[in-house]
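> So here's input_16.csv (CSV, C-alpha atoms and all ligand atoms).
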```csv
chain,number,residue,atom,x,y,z
A,814,MET,CA,0.0,0.0,0.0
A,815,GLN,CA,1.3,3.5,-1.0
A,816,GLY,CA,1.5,6.5,1.3
A,817,ARG,CA,2.2,7.3,4.9
A,818,PHE,CA,0.0,6.7,7.9
A,819,LYS,CA,-0.1,9.1,10.8
A,820,LEU,CA,-0.5,7.6,14.3
A,821,TYR,CA,-1.4,9.9,17.2
A,822,PHE,CA,0.6,8.2,19.9
A,823,ASN,CA,1.2,8.0,23.6
A,824,PRO,CA,3.4,5.1,24.9
A,825,ARG,CA,0.9,4.5,27.8
A,826,SER,CA,-2.0,3.7,25.6
A,827,ARG,CA,-3.4,1.2,23.1
A,828,SER,CA,-1.7,3.2,20.3
A,829,THR,CA,1.3,1.0,21.1
A,830,VAL,CA,-0.7,-1.9,19.7
A,831,VAL,CA,-1.3,-0.1,16.4
A,832,ARG,CA,2.4,0.9,16.3
A,833,TRP,CA,3.3,-2.8,16.7
A,834,MET,CA,0.9,-3.7,13.8
A,835,LEU,CA,2.2,-1.0,11.5
A,836,ASN,CA,5.7,-2.5,12.1
A,837,GLU,CA,4.3,-6.0,11.4
A,838,VAL,CA,2.9,-5.1,8.0
A,839,GLY,CA,5.9,-2.9,7.1
A,840,ALA,CA,3.8,0.3,6.7
A,841,GLU,CA,5.4,3.7,6.5
A,842,TYR,CA,4.2,6.0,9.2
A,843,ASP,CA,4.8,9.0,11.4
A,844,LEU,CA,4.0,9.2,15.1
A,845,VAL,CA,2.4,12.3,16.5
A,846,PRO,CA,3.0,12.5,20.3
A,847,ILE,CA,0.0,13.2,22.4
A,848,ASP,CA,0.5,14.3,26.0
A,849,PHE,CA,-2.5,13.3,28.1
A,850,GLU,CA,-1.3,15.4,31.1
A,851,LYS,CA,-1.3,18.5,28.9
A,852,GLY,CA,-4.8,17.6,27.6
A,853,GLU,CA,-3.6,17.3,24.0
A,854,ASN,CA,-6.3,14.7,23.4
A,855,ARG,CA,-9.0,17.2,24.4
A,856,THR,CA,-8.1,20.1,22.1
A,857,PRO,CA,-10.7,21.1,19.5
A,858,GLU,CA,-8.3,20.0,16.8
A,859,PHE,CA,-8.0,16.5,18.2
A,860,LEU,CA,-11.7,16.2,19.0
A,861,ALA,CA,-12.5,17.1,15.4
A,862,LEU,CA,-10.6,13.9,14.5
A,863,ASN,CA,-11.9,11.7,17.3
A,864,PRO,CA,-14.7,13.1,19.4
A,865,MET,CA,-14.0,10.4,22.0
A,866,GLY,CA,-10.6,12.1,22.7
A,867,LYS,CA,-8.9,8.7,22.7
A,868,LEU,CA,-5.9,6.9,21.3
A,869,PRO,CA,-5.3,5.2,19.0
A,870,THR,CA,-6.4,7.6,16.4
A,871,LEU,CA,-4.9,6.8,13.0
A,872,LEU,CA,-5.0,8.8,9.8
A,873,LEU,CA,-4.9,6.6,6.7
A,874,PRO,CA,-2.8,7.8,3.7
A,875,ASP,CA,-5.9,9.3,2.1
A,876,GLY,CA,-6.8,11.2,5.3
A,877,THR,CA,-9.5,8.9,6.5
A,878,VAL,CA,-9.7,8.8,10.3
A,879,MET,CA,-9.7,5.4,12.0
A,880,THR,CA,-10.2,4.6,15.7
A,881,GLU,CA,-10.8,1.4,17.6
A,882,THR,CA,-7.8,-0.8,17.9
A,883,ALA,CA,-9.3,-4.1,16.6
A,884,ALA,CA,-10.8,-2.3,13.6
A,885,ILE,CA,-7.5,-0.7,12.8
A,886,LEU,CA,-5.6,-4.0,13.1
A,887,ALA,CA,-8.1,-5.7,10.8
A,888,HIS,CA,-7.8,-2.9,8.2
A,889,LEU,CA,-4.0,-3.0,8.2
A,890,ALA,CA,-4.0,-6.7,7.8
A,891,ASP,CA,-6.3,-6.4,4.8
A,892,CYS,CA,-4.2,-3.5,3.3
A,893,PHE,CA,-1.0,-5.5,3.5
A,894,PRO,CA,-2.0,-9.1,2.6
A,895,GLU,CA,1.7,-10.0,2.0
A,896,ALA,CA,2.2,-9.8,5.8
A,897,GLY,CA,-0.1,-12.8,6.1
A,898,LEU,CA,-1.9,-11.6,9.2
A,899,ALA,CA,-5.5,-12.3,8.1
A,900,PRO,CA,-6.9,-15.6,6.8
A,901,ALA,CA,-8.6,-15.6,3.4
A,902,VAL,CA,-12.2,-14.1,3.4
A,903,GLY,CA,-14.9,-16.7,3.5
A,904,THR,CA,-12.8,-19.5,5.1
A,905,SER,CA,-13.4,-21.1,8.5
A,906,GLU,CA,-10.1,-19.6,9.5
A,907,ARG,CA,-11.4,-16.2,8.7
A,908,ALA,CA,-14.5,-16.9,10.8
A,909,ASN,CA,-12.4,-17.9,13.7
A,910,TYR,CA,-10.2,-14.8,13.2
A,911,TYR,CA,-13.3,-12.5,13.4
A,912,ARG,CA,-14.4,-14.3,16.5
A,913,TRP,CA,-11.2,-13.7,18.3
A,914,LEU,CA,-10.5,-10.3,17.0
A,915,LEU,CA,-13.7,-9.1,18.6
A,916,PHE,CA,-13.4,-11.2,21.7
A,917,SER,CA,-10.7,-8.8,22.9
A,918,PRO,CA,-12.7,-5.5,23.0
A,919,SER,CA,-16.1,-7.0,23.6
A,920,CYS,CA,-15.3,-9.6,26.3
A,921,LEU,CA,-11.7,-9.5,27.6
A,922,GLU,CA,-11.3,-5.8,28.0
A,923,PRO,CA,-14.6,-5.0,29.8
A,924,ALA,CA,-14.3,-8.1,31.9
A,925,GLY,CA,-10.8,-7.3,33.0
A,926,VAL,CA,-11.5,-3.6,33.7
A,927,ASP,CA,-14.5,-4.7,35.8
A,928,ALA,CA,-12.5,-7.3,37.6
A,929,MET,CA,-9.6,-4.9,38.4
A,930,MET,CA,-11.6,-1.7,39.2
A,931,ARG,CA,-14.7,-3.1,40.9
A,932,LYS,CA,-12.9,-5.8,42.9
A,933,ASP,CA,-15.2,-5.7,45.9
A,934,ALA,CA,-18.4,-5.0,44.0
A,935,GLU,CA,-21.1,-7.5,43.5
A,936,PRO,CA,-20.5,-9.3,40.1
A,937,LEU,CA,-22.7,-7.8,37.3
A,938,PRO,CA,-25.5,-10.3,36.2
A,939,LYS,CA,-23.9,-12.9,34.0
A,940,MET,CA,-26.9,-12.9,31.6
A,941,ALA,CA,-26.9,-9.2,31.1
A,942,VAL,CA,-23.2,-8.5,30.4
A,943,GLY,CA,-21.7,-9.5,27.1
A,944,TRP,CA,-18.6,-11.1,28.7
A,945,GLY,CA,-20.6,-13.3,31.1
A,946,SER,CA,-18.0,-13.4,33.8
A,947,TYR,CA,-14.3,-12.8,34.1
A,948,ASP,CA,-13.6,-16.4,34.9
A,949,ASP,CA,-15.6,-17.6,31.8
A,950,VAL,CA,-13.5,-15.2,29.6
A,951,ILE,CA,-10.2,-16.5,31.0
A,952,ASP,CA,-11.4,-20.2,30.8
A,953,THR,CA,-12.4,-19.6,27.2
A,954,ILE,CA,-9.0,-18.2,26.2
A,955,GLU,CA,-7.1,-20.9,28.0
A,956,GLN,CA,-9.3,-23.6,26.3
A,957,ARG,CA,-8.4,-22.1,22.9
A,958,LEU,CA,-4.7,-21.9,23.7
A,959,GLU,CA,-4.6,-25.5,24.9
A,960,ALA,CA,-5.7,-26.5,21.4
A,961,ALA,CA,-3.4,-24.3,19.3
A,962,PRO,CA,-0.5,-21.8,19.7
A,963,TYR,CA,-2.5,-19.0,18.2
A,964,VAL,CA,-6.2,-18.3,18.4
A,965,THR,CA,-6.7,-18.9,14.7
A,966,GLY,CA,-4.4,-22.0,14.6
A,967,GLU,CA,-0.7,-22.4,13.8
A,968,THR,CA,0.1,-18.9,12.6
A,969,VAL,CA,-0.1,-15.4,14.0
A,970,THR,CA,-2.9,-13.1,12.8
A,971,ALA,CA,-4.1,-9.6,13.8
A,972,ALA,CA,-6.5,-11.3,16.2
A,973,ASP,CA,-3.6,-12.7,18.2
A,974,ILE,CA,-2.0,-9.2,18.4
A,975,ALA,CA,-5.3,-7.7,19.6
A,976,LEU,CA,-5.8,-10.4,22.3
A,977,GLY,CA,-2.1,-10.8,23.2
A,978,ALA,CA,-1.6,-7.1,23.7
A,979,THR,CA,-4.5,-6.8,26.0
A,980,LEU,CA,-3.3,-9.9,28.0
A,981,GLN,CA,0.1,-8.3,28.2
A,982,TYR,CA,-1.4,-5.1,29.7
A,983,PHE,CA,-3.5,-7.1,32.1
A,984,THR,CA,-0.3,-9.0,33.3
A,985,MET,CA,1.3,-5.6,34.0
A,986,PHE,CA,-1.8,-4.3,35.8
A,987,GLY,CA,-2.2,-7.5,37.9
A,988,ALA,CA,-5.5,-8.8,36.5
A,989,PRO,CA,-6.6,-12.0,38.2
A,990,ARG,CA,-5.3,-15.4,36.9
A,991,VAL,CA,-3.4,-14.0,33.9
A,992,LYS,CA,0.2,-14.0,35.4
A,993,ASP,CA,-0.2,-17.5,36.8
A,994,SER,CA,-1.5,-19.0,33.6
A,995,SER,CA,1.3,-20.8,31.7
A,996,LEU,CA,-0.9,-21.0,28.6
A,997,ILE,CA,-1.5,-17.2,28.5
A,998,GLN,CA,2.1,-16.3,29.5
A,999,GLY,CA,3.4,-18.7,26.7
A,1000,PHE,CA,1.1,-17.0,24.2
A,1001,ILE,CA,2.3,-13.5,25.3
A,1002,ALA,CA,6.0,-14.7,25.1
A,1003,ARG,CA,5.5,-16.0,21.5
A,1004,LEU,CA,4.1,-12.7,20.5
A,1005,THR,CA,6.5,-10.4,22.3
A,1006,GLU,CA,9.5,-12.1,20.9
A,1007,ARG,CA,8.5,-10.9,17.4
A,1008,GLU,CA,10.8,-8.3,15.9
A,1009,ALA,CA,7.9,-5.9,15.1
A,1010,PHE,CA,6.8,-5.9,18.7
A,1011,LYS,CA,10.4,-5.2,19.9
A,1012,ARG,CA,10.8,-2.3,17.5
A,1013,GLY,CA,7.6,-0.8,18.8
A,1014,GLN,CA,9.1,-0.6,22.3
A,1015,ALA,CA,11.8,1.9,21.3
A,1016,PRO,CA,11.3,5.5,22.6
A,1017,ALA,CA,9.1,7.4,20.1
B,1,LIG,N1,-12.3,1.5,22.3
B,1,LIG,C1,-11.0,2.1,22.1
B,1,LIG,C2,-10.4,2.5,23.5
B,1,LIG,C3,-9.4,3.6,23.4
B,1,LIG,C4,-9.0,4.1,24.8
B,1,LIG,O1,-9.7,3.9,25.8
B,1,LIG,N2,-7.8,4.7,24.8
B,1,LIG,C5,-7.3,5.3,26.0
B,1,LIG,C6,-5.8,4.9,26.2
B,1,LIG,S1,-5.5,3.1,26.1
B,1,LIG,C7,-7.3,6.8,26.0
B,1,LIG,O2,-7.1,7.3,24.9
B,1,LIG,N3,-7.5,7.4,27.1
B,1,LIG,C8,-7.3,8.8,27.2
B,1,LIG,C9,-8.6,9.5,27.7
B,1,LIG,O3,-9.7,8.9,27.6
B,1,LIG,O4,-8.5,10.6,28.1
B,1,LIG,C10,-10.0,1.1,21.4
B,1,LIG,O5,-10.2,-0.1,21.5
B,1,LIG,O6,-9.1,1.6,20.7
```
Can you present the structure in this file as structure tokens?


Amino acid sequence: MQGRFKLYFNPRSRSTVVRWMLNEVGAEYDLVPIDFEKGENRTPEFLALNPMGKLPTLLLPDGTVMTETAAILAHLADCFPEAGLAPAVGTSERANYYRWLLFSPSCLEPAGVDAMMRKDAEPLPKMAVGWGSYDDVIDTIEQRLEAAPYVTGETVTAADIALGATLQYFTMFGAPRVKDSSLIQGFIARLTEREAFKRGQAPA
């Protein structure tokens, strides 16, 4: 794909996952530092790009604004098919890929934030919340990783990057069960030993 991407970036945000993915696919990009403490994500100029005032916010080479980490990862995987990070459309592998790509923002993230920030609160009703319960989410991930090294099978896809990055953050923040799970830690280790991940850790 021709042209440069522009990633609004803060190293303490999910924009690091998009940086990782841009490295994976070999895209050309510029980072635009955003200082949360200075409120740079709340200026009228930034809010005109993303009214949520959040990162990641990515400008595609044609100027289109993209937000939402999983959506961005999926789009980049499609734009750079030679990187091999998305199974072919219409296959069962692709179905599995969609499932796990969305599992991260729709189940793992809200379940984890709830488990870490509302520790002593009564659990929300399992039938009402999309993630059921935190334990169900972790059990489901572990069950998948028992069967295959990556969520869509033998090779890495954007879905693994979305899920693995969240699990890595949860490990750092002390989310229950994650650090002690050898299946989850093995998965994170396989992902973080990738060159594209390591390059994304360099100071911006
Ligand atoms: N749904 C968004 C979440 C984005 C998000 O919450 N970003 C946080 C950093 S990880 C942020 O920008 N926080 C700054 C703020 O809300 O002021 C995604 O998946 O990309």

> Could you list, as a PyMOL selection string, every residue within 12 Å of Asp891 of chain A, counting only C-alpha atoms and ignoring same-chain residues fewer than 5 positions away?

chain A and resi 814+834+838+884-886+896-902+907+970-971

> For the residues selected in the previous step, produce a file with C-alpha atoms as a short mmCIF file (atom, residue, chain, number, x, y, z; two decimals), keeping the file's coordinate frame.


```cif
data_model
loop_
_atom_site.label_atom_id
_atom_site.label_comp_id
_atom_site.auth_asym_id
_atom_site.auth_seq_id
_atom_site.Cartn_x
_atom_site.Cartn_y
_atom_site.Cartn_z
CA MET A 814 0.00 0.00 0.00
CA MET A 834 0.90 -3.70 13.80
CA VAL A 838 2.90 -5.10 8.00
CA ALA A 884 -10.80 -2.30 13.60
CA ILE A 885 -7.50 -0.70 12.80
CA LEU A 886 -5.60 -4.00 13.10
CA ALA A 896 2.20 -9.80 5.80
CA GLY A 897 -0.10 -12.80 6.10
CA LEU A 898 -1.90 -11.60 9.20
CA ALA A 899 -5.50 -12.30 8.10
CA PRO A 900 -6.90 -15.60 6.80
CA ALA A 901 -8.60 -15.60 3.40
CA VAL A 902 -12.20 -14.10 3.40
CA ARG A 907 -11.40 -16.20 8.70
CA THR A 970 -2.90 -13.10 12.80
CA ALA A 971 -4.10 -9.60 13.80
#
```

> Can I get the residues close to ligand LIG 1 (chain B) as a list of chain:residue names, where close means within 6 Å and we count all atoms listed in the file?

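The neighbouring residues of ligand LIG 1 (chain B) are, in order, A:Ser826, A:Arg827, A:Gly866, A:Lys867, A:Leu868, A:Pro869, A:Thr880, A:Glu881, A:Thr882.
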
> Any idea what the distance is between atom CA of Thr984 of chain A and atom CA of Ala1015 of chain A?

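Separation of atom CA of Thr984 of chain A and atom CA of Ala1015 of chain A: 20.2 Å.
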
> So how far away is atom CA of Pro989 of chain A from atom CA of Phe1010 of chain A, in Å?

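If I compute the distance from atom CA of Phe1010 of chain A to atom CA of Pro989 of chain A, I get 24.4 Å.
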
> Check the smallest atom-to-atom distance from each of A:Gly876, A:Pro894, A:Gly903, A:Pro936 to Gly839 of chain A using only C-alpha atoms, then report the winner.

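Selected residue with least distance to Gly839 of chain A: A:Pro894.
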
> Go through A:Tyr963, A:Tyr821, A:Phe893, A:Trp833 and flag the residue nearest Leu871 of chain A, using only C-alpha atoms for the distances.

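Comparing A:Tyr963, A:Tyr821, A:Phe893, A:Trp833 against Leu871 of chain A, the winner is A:Tyr821.
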
> What is the distance between atom CA of Thr904 of chain A and atom CA of Thr965 of chain A, in Å to one decimal?

11.4 Å

> With only C-alpha atoms as the basis for distance, which of A:Asn909, A:Ser946, A:Thr1005, A:Thr979 is at the shortest distance from Val964 of chain A?

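The closest residue to Val964 of chain A is A:Asn909.
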
> Leaving out Leu996 of chain A and any residue of its chain fewer than 3 positions from it, which residues lie within 9 Å of it when counting only C-alpha atoms, given as a list in words?

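Near neighbours after the sequence-gap exclusion: Ile954, Glu955, Leu958, Glu959, Pro962, Asp993, Gly999, Phe1000 and Ile1001 of chain A.
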
> Pull C-alpha atoms from the residues just selected and write them as a PDB file, keeping the file's coordinate frame.


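And here's selection-v2.pdb as it stands now:
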```pdb
ATOM      1  CA  ILE A 954      -9.000 -18.200  26.200  1.00  0.00           C
ATOM      2  CA  GLU A 955      -7.100 -20.900  28.000  1.00  0.00           C
ATOM      3  CA  LEU A 958      -4.700 -21.900  23.700  1.00  0.00           C
ATOM      4  CA  GLU A 959      -4.600 -25.500  24.900  1.00  0.00           C
ATOM      5  CA  PRO A 962      -0.500 -21.800  19.700  1.00  0.00           C
ATOM      6  CA  ASP A 993      -0.200 -17.500  36.800  1.00  0.00           C
ATOM      7  CA  GLY A 999       3.400 -18.700  26.700  1.00  0.00           C
ATOM      8  CA  PHE A1000       1.100 -17.000  24.200  1.00  0.00           C
ATOM      9  CA  ILE A1001       2.300 -13.500  25.300  1.00  0.00           C
TER      10      ILE A1001
END
```

> Which one of A:Pro857, A:Glu837, A:Arg990, A:Leu820 sits closest to Ala890 of chain A if you count all atoms listed in the file?

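Smallest distance to Ala890 of chain A is found for A:Glu837.
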
> Pick out the residues sitting within 8 Å of Trp913 of chain A, and hand them over as a VMD selection string; count only C-alpha atoms, and ignore anything fewer than 2 positions along from it in its own chain.

chain A and resid 909 to 911 915 to 917 964 to 965 972 to 973 976

> Which residue out of A:His888, A:Lys819, A:Lys932, A:Lys851 has the minimum interatomic distance to Thr870 of chain A when all atoms listed in the file are used?

A:Lys819

> Compare A:Asn836, A:Asn823, A:Gln815, A:Ser995 by their minimum atom-to-atom distance to Ile974 of chain A, counting all atoms listed in the file, and give me the closest one.

A:Asn836

> I'd like the neighbourhood of Pro874 of chain A as a list in words, where a residue qualifies if any of its atoms comes within 7 Å (using all atoms listed in the file), though same-chain residues fewer than 2 positions away should be ignored.

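In the requested format, the answer is Gly816, Arg817, Phe818, Leu872 and Gly876 of chain A.
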
> Please return segment 987-1012 of chain A, rebuilt to N, CA, C and O atoms, as a PDB file, in the frame of the given file.


```
ATOM      1  N   GLY A 987      -1.842  -6.525  36.843  1.00  0.00           N
ATOM      2  CA  GLY A 987      -2.200  -7.500  37.900  1.00  0.00           C
ATOM      3  C   GLY A 987      -3.618  -8.004  37.833  1.00  0.00           C
ATOM      4  O   GLY A 987      -4.245  -8.289  38.865  1.00  0.00           O
ATOM      5  N   ALA A 988      -4.131  -8.179  36.632  1.00  0.00           N
ATOM      6  CA  ALA A 988      -5.500  -8.800  36.500  1.00  0.00           C
ATOM      7  C   ALA A 988      -5.464 -10.193  37.026  1.00  0.00           C
ATOM      8  O   ALA A 988      -4.464 -10.903  36.859  1.00  0.00           O
ATOM      9  N   PRO A 989      -6.545 -10.642  37.647  1.00  0.00           N
ATOM     10  CA  PRO A 989      -6.600 -12.000  38.200  1.00  0.00           C
ATOM     11  C   PRO A 989      -6.281 -13.076  37.170  1.00  0.00           C
ATOM     12  O   PRO A 989      -6.657 -12.939  36.017  1.00  0.00           O
ATOM     13  N   ARG A 990      -5.583 -14.112  37.598  1.00  0.00           N
ATOM     14  CA  ARG A 990      -5.300 -15.400  36.900  1.00  0.00           C
ATOM     15  C   ARG A 990      -4.366 -15.280  35.703  1.00  0.00           C
ATOM     16  O   ARG A 990      -3.868 -16.309  35.232  1.00  0.00           O
ATOM     17  N   VAL A 991      -4.115 -14.076  35.181  1.00  0.00           N
ATOM     18  CA  VAL A 991      -3.400 -14.000  33.900  1.00  0.00           C
ATOM     19  C   VAL A 991      -1.886 -14.303  34.102  1.00  0.00           C
ATOM     20  O   VAL A 991      -1.308 -15.077  33.328  1.00  0.00           O
ATOM     21  N   LYS A 992      -1.278 -13.740  35.158  1.00  0.00           N
ATOM     22  CA  LYS A 992       0.200 -14.000  35.400  1.00  0.00           C
ATOM     23  C   LYS A 992       0.466 -15.419  35.692  1.00  0.00           C
ATOM     24  O   LYS A 992       1.528 -15.940  35.334  1.00  0.00           O
ATOM     25  N   ASP A 993      -0.475 -16.085  36.343  1.00  0.00           N
ATOM     26  CA  ASP A 993      -0.200 -17.500  36.800  1.00  0.00           C
ATOM     27  C   ASP A 993      -0.609 -18.501  35.698  1.00  0.00           C
ATOM     28  O   ASP A 993      -0.456 -19.700  35.923  1.00  0.00           O
ATOM     29  N   SER A 994      -1.121 -18.044  34.592  1.00  0.00           N
ATOM     30  CA  SER A 994      -1.500 -19.000  33.600  1.00  0.00           C
ATOM     31  C   SER A 994      -0.367 -19.242  32.593  1.00  0.00           C
ATOM     32  O   SER A 994       0.045 -18.354  31.845  1.00  0.00           O
ATOM     33  N   SER A 995       0.160 -20.487  32.602  1.00  0.00           N
ATOM     34  CA  SER A 995       1.300 -20.800  31.700  1.00  0.00           C
ATOM     35  C   SER A 995       0.842 -20.704  30.242  1.00  0.00           C
ATOM     36  O   SER A 995       1.626 -20.326  29.362  1.00  0.00           O
ATOM     37  N   LEU A 996      -0.415 -21.043  29.981  1.00  0.00           N
ATOM     38  CA  LEU A 996      -0.900 -21.000  28.600  1.00  0.00           C
ATOM     39  C   LEU A 996      -0.905 -19.532  28.108  1.00  0.00           C
ATOM     40  O   LEU A 996      -0.445 -19.224  27.004  1.00  0.00           O
ATOM     41  N   ILE A 997      -1.422 -18.642  28.937  1.00  0.00           N
ATOM     42  CA  ILE A 997      -1.500 -17.200  28.500  1.00  0.00           C
ATOM     43  C   ILE A 997      -0.099 -16.611  28.485  1.00  0.00           C
ATOM     44  O   ILE A 997       0.240 -15.898  27.530  1.00  0.00           O
ATOM     45  N   GLN A 998       0.738 -16.923  29.468  1.00  0.00           N
ATOM     46  CA  GLN A 998       2.100 -16.300  29.500  1.00  0.00           C
ATOM     47  C   GLN A 998       2.916 -16.877  28.270  1.00  0.00           C
ATOM     48  O   GLN A 998       3.717 -16.160  27.692  1.00  0.00           O
ATOM     49  N   GLY A 999       2.694 -18.139  27.909  1.00  0.00           N
ATOM     50  CA  GLY A 999       3.400 -18.700  26.700  1.00  0.00           C
ATOM     51  C   GLY A 999       2.952 -17.988  25.468  1.00  0.00           C
ATOM     52  O   GLY A 999       3.778 -17.675  24.588  1.00  0.00           O
ATOM     53  N   PHE A1000       1.664 -17.706  25.375  1.00  0.00           N
ATOM     54  CA  PHE A1000       1.100 -17.000  24.200  1.00  0.00           C
ATOM     55  C   PHE A1000       1.726 -15.588  24.124  1.00  0.00           C
ATOM     56  O   PHE A1000       2.194 -15.161  23.056  1.00  0.00           O
ATOM     57  N   ILE A1001       1.760 -14.882  25.249  1.00  0.00           N
ATOM     58  CA  ILE A1001       2.300 -13.500  25.300  1.00  0.00           C
ATOM     59  C   ILE A1001       3.819 -13.603  24.859  1.00  0.00           C
ATOM     60  O   ILE A1001       4.299 -12.782  24.073  1.00  0.00           O
ATOM     61  N   ALA A1002       4.533 -14.604  25.376  1.00  0.00           N
ATOM     62  CA  ALA A1002       6.000 -14.700  25.100  1.00  0.00           C
ATOM     63  C   ALA A1002       6.189 -14.937  23.572  1.00  0.00           C
ATOM     64  O   ALA A1002       7.089 -14.340  22.967  1.00  0.00           O
ATOM     65  N   ARG A1003       5.342 -15.782  22.955  1.00  0.00           N
ATOM     66  CA  ARG A1003       5.500 -16.000  21.500  1.00  0.00           C
ATOM     67  C   ARG A1003       5.297 -14.729  20.720  1.00  0.00           C
ATOM     68  O   ARG A1003       5.948 -14.487  19.712  1.00  0.00           O
ATOM     69  N   LEU A1004       4.371 -13.905  21.190  1.00  0.00           N
ATOM     70  CA  LEU A1004       4.100 -12.700  20.500  1.00  0.00           C
ATOM     71  C   LEU A1004       5.143 -11.591  20.704  1.00  0.00           C
ATOM     72  O   LEU A1004       5.553 -10.888  19.777  1.00  0.00           O
ATOM     73  N   THR A1005       5.573 -11.477  21.955  1.00  0.00           N
ATOM     74  CA  THR A1005       6.500 -10.400  22.300  1.00  0.00           C
ATOM     75  C   THR A1005       7.933 -10.646  21.850  1.00  0.00           C
ATOM     76  O   THR A1005       8.772  -9.771  21.937  1.00  0.00           O
ATOM     77  N   GLU A1006       8.176 -11.880  21.389  1.00  0.00           N
ATOM     78  CA  GLU A1006       9.500 -12.100  20.900  1.00  0.00           C
ATOM     79  C   GLU A1006       9.605 -11.726  19.376  1.00  0.00           C
ATOM     80  O   GLU A1006      10.676 -11.770  18.763  1.00  0.00           O
ATOM     81  N   ARG A1007       8.497 -11.282  18.819  1.00  0.00           N
ATOM     82  CA  ARG A1007       8.500 -10.900  17.400  1.00  0.00           C
ATOM     83  C   ARG A1007       9.238  -9.527  17.255  1.00  0.00           C
ATOM     84  O   ARG A1007       9.107  -8.632  18.084  1.00  0.00           O
ATOM     85  N   GLU A1008       9.977  -9.456  16.154  1.00  0.00           N
ATOM     86  CA  GLU A1008      10.800  -8.300  15.900  1.00  0.00           C
ATOM     87  C   GLU A1008       9.927  -6.991  15.840  1.00  0.00           C
ATOM     88  O   GLU A1008      10.307  -5.937  16.361  1.00  0.00           O
ATOM     89  N   ALA A1009       8.743  -7.106  15.233  1.00  0.00           N
ATOM     90  CA  ALA A1009       7.900  -5.900  15.100  1.00  0.00           C
ATOM     91  C   ALA A1009       7.418  -5.409  16.445  1.00  0.00           C
ATOM     92  O   ALA A1009       7.278  -4.204  16.649  1.00  0.00           O
ATOM     93  N   PHE A1010       7.196  -6.311  17.366  1.00  0.00           N
ATOM     94  CA  PHE A1010       6.800  -5.900  18.700  1.00  0.00           C
ATOM     95  C   PHE A1010       8.004  -5.147  19.355  1.00  0.00           C
ATOM     96  O   PHE A1010       7.854  -4.060  19.910  1.00  0.00           O
ATOM     97  N   LYS A1011       9.181  -5.751  19.254  1.00  0.00           N
ATOM     98  CA  LYS A1011      10.400  -5.200  19.900  1.00  0.00           C
ATOM     99  C   LYS A1011      10.654  -3.776  19.361  1.00  0.00           C
ATOM    100  O   LYS A1011      10.969  -2.861  20.113  1.00  0.00           O
ATOM    101  N   ARG A1012      10.509  -3.609  18.048  1.00  0.00           N
ATOM    102  CA  ARG A1012      10.800  -2.300  17.500  1.00  0.00           C
ATOM    103  C   ARG A1012       9.796  -1.242  17.959  1.00  0.00           C
ATOM    104  O   ARG A1012      10.118  -0.072  18.080  1.00  0.00           O
TER     105      ARG A1012
END
```
